[in-house]
file query-v8.tsv (TSV, C-alpha atoms)
chain	number	residue	atom	x	y	z
G	30	SER	CA	-42.20	-33.03	9.97
G	31	MET	CA	-44.34	-35.83	8.54
G	32	VAL	CA	-46.38	-33.39	6.49
G	33	GLU	CA	-43.28	-31.72	5.02
G	34	SER	CA	-41.76	-35.12	4.20
G	35	ALA	CA	-44.97	-36.19	2.46
G	36	ALA	CA	-45.14	-32.94	0.50
G	37	ASN	CA	-41.48	-33.24	-0.54
G	38	ALA	CA	-41.95	-36.84	-1.64
G	39	GLU	CA	-45.01	-35.86	-3.64
G	40	ALA	CA	-43.06	-33.07	-5.36
G	41	VAL	CA	-40.08	-35.32	-6.14
G	42	ASN	CA	-42.30	-38.02	-7.64
G	43	ALA	CA	-44.24	-35.49	-9.69
G	44	GLN	CA	-41.02	-33.92	-11.01
G	45	PHE	CA	-39.63	-37.32	-11.97
G	46	SER	CA	-42.84	-38.37	-13.72
G	47	ASN	CA	-43.06	-35.11	-15.64
G	48	THR	CA	-39.41	-35.13	-16.69
G	49	TYR	CA	-39.59	-38.73	-17.90
G	50	ARG	CA	-43.13	-38.64	-19.28
G	51	ASP	CA	-41.95	-39.15	-22.88
G	52	VAL	CA	-39.49	-41.92	-22.05
G	53	SER	CA	-40.45	-45.55	-22.51
G	54	GLY	CA	-41.33	-46.98	-19.11
G	55	GLY	CA	-41.26	-43.53	-17.53
G	56	GLY	CA	-37.60	-43.85	-16.56
G	57	ILE	CA	-38.37	-46.51	-13.95
G	58	ASP	CA	-36.17	-49.16	-15.59
G	59	ASP	CA	-33.17	-46.81	-15.59
G	60	LEU	CA	-33.92	-45.79	-12.01
G	61	ASN	CA	-34.09	-49.37	-10.73
G	62	LYS	CA	-31.01	-50.42	-12.69
G	63	LEU	CA	-28.92	-47.64	-11.14
G	64	ALA	CA	-30.36	-48.34	-7.70
G	65	ASP	CA	-29.49	-52.03	-7.91
G	66	THR	CA	-26.00	-51.47	-9.34
G	67	TYR	CA	-24.86	-49.01	-6.69
G	68	ASN	CA	-27.06	-50.01	-3.74
G	69	ILE	CA	-28.68	-46.57	-3.70
G	70	LEU	CA	-32.34	-46.16	-2.79
G	71	PRO	CA	-34.40	-44.99	-5.78
G	72	GLU	CA	-35.69	-42.03	-3.77
G	73	ARG	CA	-32.13	-40.70	-3.50
G	74	LEU	CA	-31.65	-40.96	-7.26
G	75	LYS	CA	-34.89	-39.36	-8.40
G	76	PRO	CA	-34.06	-35.67	-7.71
G	77	ALA	CA	-30.65	-35.88	-9.40
G	78	MET	CA	-31.99	-37.87	-12.35
G	79	SER	CA	-34.80	-35.36	-12.85
G	80	ALA	CA	-32.37	-32.44	-12.77
G	81	VAL	CA	-29.93	-34.02	-15.22
G	82	GLN	CA	-32.64	-35.31	-17.54
G	83	GLY	CA	-34.20	-31.86	-17.56
G	84	PHE	CA	-30.86	-30.32	-18.47
G	85	PHE	CA	-30.36	-32.66	-21.43
G	86	LEU	CA	-33.90	-32.03	-22.65
G	87	GLY	CA	-33.26	-28.30	-22.42
G	88	SER	CA	-30.06	-28.77	-24.41
G	89	GLY	CA	-31.99	-30.13	-27.36
G	90	SER	CA	-31.83	-33.89	-26.83
G	91	ASP	CA	-35.02	-35.83	-27.49
G	92	ALA	CA	-36.50	-37.75	-24.55
G	93	GLU	CA	-34.88	-41.13	-25.24
G	94	THR	CA	-31.49	-39.61	-26.05
G	95	ALA	CA	-31.67	-37.52	-22.89
G	96	ALA	CA	-32.51	-40.64	-20.88
G	97	ASN	CA	-29.44	-42.43	-22.23
G	98	GLN	CA	-27.28	-39.39	-21.46
G	99	THR	CA	-28.74	-39.20	-17.97
G	100	GLU	CA	-28.00	-42.86	-17.32
G	101	LYS	CA	-24.36	-42.28	-18.34
G	102	ALA	CA	-24.17	-39.16	-16.18
G	103	MET	CA	-25.61	-40.91	-13.13
G	104	ASN	CA	-23.17	-43.79	-13.54
G	105	LEU	CA	-20.36	-41.26	-13.54
G	106	ALA	CA	-21.84	-39.43	-10.55
G	107	ALA	CA	-22.24	-42.62	-8.51
G	108	ASN	CA	-18.66	-43.68	-9.22
G	109	GLY	CA	-17.27	-40.20	-8.66
G	110	ALA	CA	-19.11	-39.84	-5.37
G	111	ALA	CA	-17.70	-43.12	-4.10
G	112	TYR	CA	-14.16	-42.48	-5.34
G	113	TYR	CA	-13.87	-38.94	-4.01
G	114	ASP	CA	-15.91	-39.59	-0.86
G	115	LYS	CA	-18.63	-37.07	-1.66
G	116	SER	CA	-22.39	-37.29	-1.58
G	117	LEU	CA	-24.24	-38.42	-4.67
G	118	GLU	CA	-26.26	-35.22	-4.55
G	119	ASP	CA	-23.20	-32.95	-4.55
G	120	THR	CA	-21.39	-34.97	-7.20
G	121	SER	CA	-24.33	-35.06	-9.61
G	122	GLY	CA	-24.77	-31.32	-9.12
G	123	SER	CA	-21.11	-30.62	-9.91
G	124	LEU	CA	-21.23	-32.92	-12.94
G	125	LYS	CA	-24.33	-31.14	-14.24
G	126	SER	CA	-22.57	-27.80	-13.81
G	127	PHE	CA	-19.56	-29.17	-15.71
G	128	LEU	CA	-21.80	-30.34	-18.55
G	129	MET	CA	-23.29	-26.85	-18.71
G	130	GLY	CA	-19.84	-25.49	-19.53
G	131	ASN	CA	-18.71	-24.48	-16.06
G	132	TYR	CA	-15.44	-26.41	-16.31
G	133	GLU	CA	-14.19	-25.18	-12.95
G	134	ALA	CA	-16.86	-27.41	-11.42
G	135	GLY	CA	-14.81	-30.32	-12.71
G	136	ASP	CA	-12.38	-29.84	-9.83
G	137	ALA	CA	-15.09	-31.05	-7.43
G	138	ILE	CA	-15.45	-34.33	-9.34
G	139	GLY	CA	-11.78	-34.95	-10.03
G	140	VAL	CA	-11.70	-33.56	-13.58
G	141	SER	CA	-9.18	-30.74	-13.80
G	142	THR	CA	-9.50	-29.21	-17.26
G	143	ASN	CA	-10.51	-26.14	-19.22
G	144	ALA	CA	-12.10	-25.18	-22.53
G	145	THR	CA	-8.80	-25.32	-24.42
G	146	LYS	CA	-7.98	-28.86	-23.25
G	147	ILE	CA	-11.48	-30.04	-24.08
G	148	ALA	CA	-11.34	-28.54	-27.57
G	149	GLU	CA	-7.92	-30.05	-28.18
G	150	GLY	CA	-9.08	-33.44	-26.92
G	151	TYR	CA	-12.09	-33.44	-29.21
G	152	ASN	CA	-10.03	-32.40	-32.23
G	153	ALA	CA	-7.46	-35.12	-31.56
G	154	ALA	CA	-10.16	-37.79	-31.24
G	155	TYR	CA	-12.60	-36.79	-33.95
G	156	GLY	CA	-11.19	-33.86	-35.90
G	157	GLY	CA	-13.17	-30.68	-36.37
G	158	SER	CA	-14.15	-28.13	-33.78
G	159	PHE	CA	-15.85	-28.80	-30.45
G	160	ASP	CA	-17.48	-25.37	-30.69
G	161	ASP	CA	-19.30	-26.41	-33.88
G	162	LEU	CA	-21.18	-29.20	-32.13
G	163	THR	CA	-24.78	-28.93	-31.02
G	164	GLU	CA	-25.37	-28.62	-27.28
G	165	SER	CA	-26.49	-32.24	-27.16
G	166	GLN	CA	-23.34	-33.38	-28.99
G	167	LYS	CA	-21.18	-31.34	-26.64
G	168	SER	CA	-22.80	-33.13	-23.71
G	169	ASP	CA	-22.01	-36.50	-25.27
G	170	TYR	CA	-18.36	-35.60	-25.62
G	171	LEU	CA	-18.11	-34.14	-22.12
G	172	LEU	CA	-19.58	-37.33	-20.68
G	173	GLU	CA	-17.00	-39.27	-22.69
G	174	TYR	CA	-14.29	-36.91	-21.42
G	175	VAL	CA	-15.18	-37.49	-17.76
G	176	GLU	CA	-15.46	-41.23	-18.32
G	177	GLY	CA	-11.98	-41.21	-19.83
G	178	VAL	CA	-10.58	-39.52	-16.73
G	179	TYR	CA	-12.36	-41.96	-14.43
G	180	ALA	CA	-11.25	-44.96	-16.46
G	181	ALA	CA	-7.66	-43.78	-16.18
G	182	ASN	CA	-7.67	-43.16	-12.43
G	183	GLY	CA	-9.79	-46.16	-11.40
G	184	ALA	CA	-12.88	-44.25	-10.36
G	185	MET	CA	-15.19	-46.12	-12.75
G	186	SER	CA	-15.33	-49.16	-10.46
G	187	ALA	CA	-15.59	-47.27	-7.18
G	188	GLY	CA	-19.39	-47.10	-7.09
G	189	VAL	CA	-19.77	-50.88	-7.12
G	190	ASP	CA	-16.73	-51.52	-4.94
G	191	GLU	CA	-17.99	-49.13	-2.27
G	192	ALA	CA	-21.70	-49.87	-2.52
G	193	ASP	CA	-21.71	-50.93	1.14
G	194	SER	CA	-19.53	-48.07	2.36
G	195	TRP	CA	-20.42	-46.09	5.46
G	196	GLY	CA	-21.34	-42.97	3.50
G	197	ASN	CA	-23.71	-44.84	1.20
G	198	VAL	CA	-25.29	-46.78	4.05
G	199	ILE	CA	-25.90	-43.56	5.99
G	200	GLY	CA	-27.33	-41.89	2.89
G	201	ASN	CA	-29.74	-44.78	2.44
G	202	ALA	CA	-30.66	-44.73	6.13
G	203	LYS	CA	-31.56	-41.04	5.93
G	204	ALA	CA	-33.61	-41.67	2.81
G	205	THR	CA	-35.38	-44.60	4.50
G	206	TRP	CA	-36.36	-42.39	7.42
G	207	GLU	CA	-37.62	-39.73	5.02
G	208	ASN	CA	-39.67	-42.39	3.24
G	209	PHE	CA	-41.10	-43.59	6.54
G	210	THR	CA	-42.17	-40.13	7.67
G	211	ALA	CA	-43.46	-39.35	4.19
G	212	THR	CA	-45.63	-42.48	4.25
G	213	LEU	CA	-47.12	-41.47	7.58
G	214	GLY	CA	-47.55	-37.90	6.43
G	215	THR	CA	-49.29	-38.92	3.22
G	216	ALA	CA	-52.28	-40.10	5.24
G	217	ILE	CA	-52.86	-36.67	6.78
G	218	LEU	CA	-51.49	-34.44	4.01
G	219	PRO	CA	-54.85	-33.93	2.21
G	220	THR	CA	-56.56	-32.96	5.49
G	221	VAL	CA	-53.79	-30.56	6.51
G	222	THR	CA	-53.68	-29.06	3.01
G	223	GLU	CA	-57.44	-28.50	3.02
G	224	TRP	CA	-57.26	-26.92	6.47
G	225	ILE	CA	-54.47	-24.57	5.44
G	226	GLN	CA	-56.35	-23.60	2.27
G	227	SER	CA	-59.44	-22.83	4.35
G	228	LEU	CA	-57.37	-20.82	6.81
G	229	SER	CA	-55.76	-18.88	3.94
G	230	GLU	CA	-59.16	-18.10	2.45
G	231	TRP	CA	-60.46	-16.95	5.85
G	232	LEU	CA	-57.42	-14.75	6.45
G	233	GLY	CA	-57.88	-13.28	2.98
G	234	LYS	CA	-61.34	-12.09	3.96
G	235	VAL	CA	-60.27	-10.51	7.24
G	236	ASP	CA	-60.54	-6.71	7.29
G	237	VAL	CA	-57.08	-5.89	8.59
G	238	ASP	CA	-57.73	-2.15	8.51
G	239	ALA	CA	-60.74	-2.61	10.75
G	240	ILE	CA	-58.69	-4.62	13.23
G	241	ILE	CA	-55.96	-1.98	13.28
G	242	ALA	CA	-58.56	0.74	13.75
G	243	GLY	CA	-60.07	-1.26	16.59
G	244	PHE	CA	-56.75	-1.52	18.39
G	245	GLN	CA	-56.16	2.19	17.87
G	246	ASN	CA	-59.58	3.05	19.28
G	247	PHE	CA	-59.02	0.72	22.23
G	248	GLY	CA	-55.67	2.36	22.88
G	249	SER	CA	-57.31	5.80	22.83
G	250	TYR	CA	-59.97	4.55	25.22
G	251	LEU	CA	-57.36	3.28	27.68
G	252	ALA	CA	-55.51	6.59	27.45
G	253	ASP	CA	-58.71	8.56	28.16
G	254	VAL	CA	-59.75	6.38	31.11
G	255	PHE	CA	-56.44	5.71	32.81
G	256	GLY	CA	-54.39	8.68	31.63
G	257	PRO	CA	-55.59	11.12	34.34
G	258	THR	CA	-55.05	8.49	37.04
G	259	ILE	CA	-51.52	7.84	35.89
G	260	ASP	CA	-50.77	11.57	35.77
G	261	THR	CA	-52.10	11.92	39.34
G	262	VAL	CA	-49.92	9.06	40.59
G	263	LYS	CA	-46.88	10.59	38.92
G	264	GLY	CA	-47.57	13.87	40.68
G	265	ILE	CA	-47.67	12.35	44.13

call {"tool": "encode", "arguments": {"input": "query-v8.tsv", "output": "structure tokens"}}
result
Amino acid sequence: SMVESAANAEAVNAQFSNTYRDVSGGGIDDLNKLADTYNILPERLKPAMSAVQGFFLGSGSDAETAANQTEKAMNLAANGAAYYDKSLEDTSGSLKSFLMGNYEAGDAIGVSTNATKIAEGYNAAYGGSFDDLTESQKSDYLLEYVEGVYAANGAMSAGVDEADSWGNVIGNAKATWENFTATLGTAILPTVTEWIQSLSEWLGKVDVDAIIAGFQNFGSYLADVFGPTIDTVKGI
């Protein structure tokens, strides 16, 4: 509905603003750059960017570092989605899961690996132990690891090459419709919200026990009045 679309849009925008509140420009520059590069409406990018940025912040990265990591992750997600013919939403979710250490999620984004291979790859490239890295440093290497796979198989150019693909066009069309209904719903959302709040307050004051007792008394009254008549009819 229009109201639900407006409420969802409001929540998405609030989440994005809160997640990027400590980033220069509020993340808008990164958002628009990704949108322009891959022909993806900003509204489609915001939920995924917020989720990934939030993950990096929770992993110990400062706001600007997390924003840079998120930009890299979203570039990978956009290319992976195009190359493997998956939705941006699903691909970014699988990539985030992979970055969290769930390496089996890599299968969904074309990265078949495990903890041993990752540790060996890090040691070969930089020496030392992958396990000794901070969570933020681990994320940096895992992003590099995925990028290496995509560079090798040609996926890194897929997002731009397939910017006008059917799947992307349909995704944008759905987002455009959501934006349209959200815009219409925004005009009536405050009124509907106020009405629902008033209704909730009224319902909270209703004496439910009294209503139940009233129905019970009414039922007893009906039984007393019509019970004998019904018994008589049954006996005929």

call {"tool": "residues_around", "arguments": {"input": "query-v8.tsv", "residues": "Tyr112 of chain G", "least_positions_apart": "5", "cutoff": "12 Å", "atoms": "only C-alpha atoms", "output": "VMD selection string"}}
result
chain G and resid 105 to 107 117 120 137 to 139 179 to 180 182 to 192 194 196 to 197

call {"tool": "residues_around", "arguments": {"input": "query-v8.tsv", "residues": "segment 126-134 of chain G", "least_positions_apart": "2", "cutoff": "8 Å", "atoms": "only C-alpha atoms", "output": "list of chain:residue names"}}
result
G:Gly122, G:Ser123, G:Leu124, G:Asp136, G:Ala137, G:Ile138, G:Ser141, G:Thr142, G:Asn143, G:Ala144, G:Ser168, G:Leu171, G:Leu172

call {"tool": "closest_residue", "arguments": {"input": "query-v8.tsv", "among": "G:Phe84, G:Ser90, G:Asn108, G:Ser121", "to": "Asn68 of chain G", "atoms": "all atoms listed in the file"}}
result
G:Asn108

call {"tool": "atom_distance", "arguments": {"input": "query-v8.tsv", "atom1": "atom CA of Tyr49 of chain G", "atom2": "atom CA of Ala92 of chain G"}}
result
7.4 Å

call {"tool": "atom_distance", "arguments": {"input": "query-v8.tsv", "atom1": "atom CA of Asp114 of chain G", "atom2": "atom CA of Lys167 of chain G"}}
result
27.6 Å

call {"tool": "atom_distance", "arguments": {"input": "query-v8.tsv", "atom1": "atom CA of Thr145 of chain G", "atom2": "atom CA of Val175 of chain G"}}
result
15.3 Å

call {"tool": "closest_residue", "arguments": {"input": "query-v8.tsv", "among": "G:Ser79, G:Lys62, G:Leu70, G:Ala102", "to": "Ala43 of chain G", "atoms": "only C-alpha atoms"}}
result
G:Ser79

call {"tool": "residues_around", "arguments": {"input": "query-v8.tsv", "residues": "segment 54-59 of chain G", "least_positions_apart": "4", "cutoff": "9 Å", "atoms": "all atoms listed in the file", "output": "ChimeraX atom specification"}}
result
/G:45-50,63-64,96-97,100

call {"tool": "write_last_selection", "arguments": {"input": "query-v8.tsv", "atoms": "C-alpha atoms", "output": "mmCIF file, in the frame of the given file"}}
result
data_model
loop_
_atom_site.group_PDB
_atom_site.id
_atom_site.type_symbol
_atom_site.label_atom_id
_atom_site.label_comp_id
_atom_site.auth_asym_id
_atom_site.auth_seq_id
_atom_site.Cartn_x
_atom_site.Cartn_y
_atom_site.Cartn_z
ATOM 1 C CA PHE G 45 -39.630 -37.320 -11.970
ATOM 2 C CA SER G 46 -42.840 -38.370 -13.720
ATOM 3 C CA ASN G 47 -43.060 -35.110 -15.640
ATOM 4 C CA THR G 48 -39.410 -35.130 -16.690
ATOM 5 C CA TYR G 49 -39.590 -38.730 -17.900
ATOM 6 C CA ARG G 50 -43.130 -38.640 -19.280
ATOM 7 C CA LEU G 63 -28.920 -47.640 -11.140
ATOM 8 C CA ALA G 64 -30.360 -48.340 -7.700
ATOM 9 C CA ALA G 96 -32.510 -40.640 -20.880
ATOM 10 C CA ASN G 97 -29.440 -42.430 -22.230
ATOM 11 C CA GLU G 100 -28.000 -42.860 -17.320
#
